[in-house]
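Undergrad: The structure follows.
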Amino acid sequence: MNLQLSTALALTLAYAGMAGLCMAMERHHEQVTGRRDVSIRLRWVLRLSAGVLLLASLRVCIDGWGSGVGWVAWLGYLTTGALLVVGLWAWRPRLAMGIAVTGGACSLLVFVLACQSSAPA
Amino acid sequence: MRATHTPDTGAATGGLRQAMAWLHTWCGLWFSWLLFAVFLTGSLAVFEEPITHWMTPEQHAEEAAEEAARASLPATAPVAGRAQRLAHASDYMTQHHRSKDMWEIWPADAEGGGELKVYWFDEQHLYAQAKLDANTGAPQPLLPPKVPARGTLGGQHFVDFHYNLHGGTLGLWIVAIAAMVMLLALLSGVITHKRIFKDFFTFRPKKGQRSWLDAHNAVAVLSLPFQFMIAYTGIVFTATTYLPAGVWAHYGNDAGVHLRYTTELTTPGLQPRSGRPLAVPALEPFAAQAVALTGQPVRAVVVDHPGDASMRISVYGWNDPKGLVRRMSDATGMVAFAPDGRVLQLRLPGGSADGSASFVSQVMSNLHMAGLGGWPMKWLFFLCGLAGTAMMGTGAVLFMVKRRNKSLREFGGRTAQVYRCIEALNIAAITGLAVACIAYLWANRLLPLMIDQRASWELRVFFGVWLVTLVHAWLRPPRAAWRVQLWTLATACLLLPLLNGLTTGDHLVAEMARGDWESAGVELTSMAFGLLAGWGALLLLRTGKAVQPRRTAHPSLGSAGERP
Amino acid sequence: MTGGPGQRLAVRVLLAVFAGYALASAFAMALPSLLPMPRAQAVLTATLLGFVVHLVAALWVFTKPDLRRVAAGLLLPAVLLTALGLALQRTGA
């Protein structure tokens, strides 16, 4: 995987993960759906999904930049992703969540495929 | 006994959170202007080379020619080999500098060609050098540096301003003190922020003071790891300059103490001169062995105590840009040999031979300089640096927004005047500095090419424009000053490519077409800043319209001044 | 300690800056005596950590109302650590 693809993947996964964490919070959930009640189950589904996305982002960073630099890169993408979430959520919450869902799903798919192709047969 | 803790100015009163809020407010405010400048120029300094490239358009043709020449060099070109170069250098140094304490030979560039240079320390322990012909070993005259067509500091201005305000040692200390205060403000800010997780993604626009606080929290908290890292690594870059006590206690306190410490740090195990003579051996076998051990081509061969039995031969390698992307430390490969060929020390590229503290220090310096991770990392650092800049800016603005609604009378009778000062300083520090930065680029294109000390004149424009913005902010009402400076900033940033086109004939599309992404990047980023400034100016317009009617309609009502 | 609020604040700031620096310096002097690593590495380590000591000390100054206790809390350890560092001077690498 070249550095550009790593960048795109790491950023999208980080954004989607941060969006998941955001969506699990009542105040921001309401901004998207209009409903303030977030059931415990939904909250944990969102948080776990977010965790998976953020860990996938970490894995992309470590693959792309090596083990030390990878962590530094990951923190950078977490910051960028979170800032994007804050900015987009304040402007167009539903669009922000839409991008998170599609972007997260696509990048997760690419990530899994990339892992499979690099793993020994 | 009289209590010694009568309440005073608010410092260290109330609970921990309240005391930290006080500390955060005042540490933050008094240093926000300086830190904003340090952070904005620091963020720009990430792209020092592209900025310098944009600012030296006459050099482009020359750079391109050099690139082409290097790329087209046939593999079997008659370039004097390393062994020959090292032999020439060794002969020259034996002949002319036998008694020196250290020889430093740079035999070739990373591809094995280029210049052959030798260095040593003169009587004042400053570097002296000579250039030798690679084929004959004869000394060549050192040509005086070419007078550039366009005299400029280029991007180096932003680097220099960032770490010492163009103010030498005093400036260095001022920036370091500001960085320590910043760390204090970060710590106190985190301690006082009650809902740090609940408010993680919170930003409520169009709500005046509440929005400024949300923005301040968002940019600060979300980039917090970076902020702590960048401030701390910036200080410890030259740790023993600021905190020499450890060196003084254990190395003595005469004039040579720092040199002794540095020598022991970088060449551990180097014995003092023994007095027993030993001829300097042929250097090529050492170079070859080092290449085999580290995998890097030879950059420099250093001979400590040449001609003495305590002699030590160290070979340093050239870093490759690709490898640097994945390494935490930018330390090159290095092998230190005894004269009989024994390996005394081995440092693999990016590793450490001296010890963990040296390695940590090297990594921290590399982190601060964004030397790791390649171009994606540079952009991440740029973004986080701008987040830090925004953190300072929103903090300073928040201070005044809160007090415009209701004065907190912290300065007694003179509070109104102090607030007026702070308003002016906010404007000059934020939009004023930004205008000065873009004015620097405009000066690069508009100043006549052949004036004397052109680089100094560009700097004078930078500082002069900054001063003008301060005077402007002082003379005009704050709102008007913000508006004018924001529009000036937007215009100057957006029109940069046009300026370039009119003055040099080069333009954005041409740059992108020939793959000059450094120049294109500078102009595109400038335009992005222009859009940001324009958006700020429009927001100001909108809030101005919203505020005015309400004020005139209900003069008795205060604005919704919330206290966080 | 009497004196206007401005004076008290000035003293507090001076303590945070200078007494904190004294403590950080003392720490940088004492720690190399205790670290089991080559002298230059020990001095560098102690110097790097010294800044953290200064920060924590400065922060602490602004949490304690009683200025006398603050002064003692910084200067006494500073003196002790300085003495320790100078007594156990590292002479060789």
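A note on labels: chains of the structure tokens are A, B, ... as shown, every chain counts residues from 1, and ligands are counted from 1 in their shown order.
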So that I can check the surroundings of Gly51 (chain A), please list as an NGL selection string every protein, DNA and RNA residue that reaches within 9 Å of it, counting only C-alpha atoms and ignoring chain neighbours fewer than 2 positions away.

TA: :A and (17-18 or 20-21 or 46-49 or 53-56)

Undergrad: Hey, list the chain C side of the contact with chain B: 7 Å cut-off, only C-alpha atoms, answer as number ranges by chain.

TA: C: 1, 5, 9, 25, 28-29, 40-41, 43-45, 47-48, 55, 59, 62-66, 85-86, 89-91

Undergrad: Applying 12 Å and only C-alpha atoms, which residues near Leu5 (chain A) remain after dropping the ones on its own chain fewer than 3 positions away? List them as a PyMOL selection string.

TA: (chain A and resi 1-2+8-13+57+60-61+63-64+107+110-111+114) or (chain B and resi 376)

Undergrad: Enumerate, in order of chain and increasing residue number, the residues of chain B with an atom no farther than 7 Å from chain A, each with its shortest atom pair and distance in Å to one decimal, counting only C-alpha atoms, as a Markdown table.

TA:
| residue | atom | partner | partner_atom | distance |
| --- | --- | --- | --- | --- |
| B:Phe201 | CA | A:Val86 | CA | 5.3 |
| B:Thr202 | CA | A:Val86 | CA | 6.8 |
| B:Phe203 | CA | A:Ala90 | CA | 6.3 |
| B:Arg204 | CA | A:Ala90 | CA | 6.8 |
| B:Pro205 | CA | A:Ala90 | CA | 7.0 |
| B:Leu222 | CA | A:Thr79 | CA | 5.4 |
| B:Ser223 | CA | A:Thr79 | CA | 5.4 |
| B:Val325 | CA | A:Trp65 | CA | 6.7 |
| B:Arg326 | CA | A:Trp65 | CA | 4.9 |
| B:Arg327 | CA | A:Val69 | CA | 6.5 |
| B:Met328 | CA | A:Val69 | CA | 5.7 |
| B:Leu372 | CA | A:Val69 | CA | 7.0 |
| B:Gly373 | CA | A:Val69 | CA | 6.4 |
| B:Pro376 | CA | A:Thr7 | CA | 6.8 |
| B:Met377 | CA | A:Ala73 | CA | 6.6 |
| B:Leu380 | CA | A:Gly76 | CA | 5.7 |

Undergrad: Residues at most 9 Å from region 409-426 of chain B, counting only C-alpha atoms, excluding those fewer than 5 positions away in the same chain, as an MDAnalysis selection string?

TA: chainID B and resid 9 29 32:33 393 396:397 400 403:404 431:432 470:478 481

Undergrad: Enumerate as a PyMOL selection string all residues of region 240-353 of chain B assigned to helix (DSSP H, G or I) by DSSP on the backbone, naming them with the chain letters and numbers the document uses.

TA: chain B and resi 240-242+245-251+257-266+284-294+321-326

Undergrad: Do you have the CA of His193 (chain B)-CA of Lys206 (chain B) distance handy?

TA: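 These atoms are spaced 21.9 Å apart.
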
Undergrad: Could you jot down the CA of Ala490 (chain B) to CA of Gly534 (chain B) separation for me, Å, one decimal place?

TA: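 Going from CA of Ala490 (chain B) over to CA of Gly534 (chain B), I get 5.1 Å.
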
Undergrad: Please report the interatomic distance between CA of Leu67 (chain C) and CA of Ala176 (chain B) in Å with one decimal.

TA: 26.3 Å

Undergrad: Write out as a PyMOL selection string each polymer residue whose atoms come within 10 Å of region 525-530 of chain B, counting only C-alpha atoms; drop sequence neighbours fewer than 6 positions from it.

TA: chain B and resi 434+438+486-497+519+536

Undergrad: Could you name the residues that touch region 69-78 of chain C at 8 Å or less, counting only C-alpha atoms, but leaving out those on the same chain fewer than 4 positions away, as a PyMOL selection string?

TA: chain C and resi 15+19-20+22-27+57+61+64+82
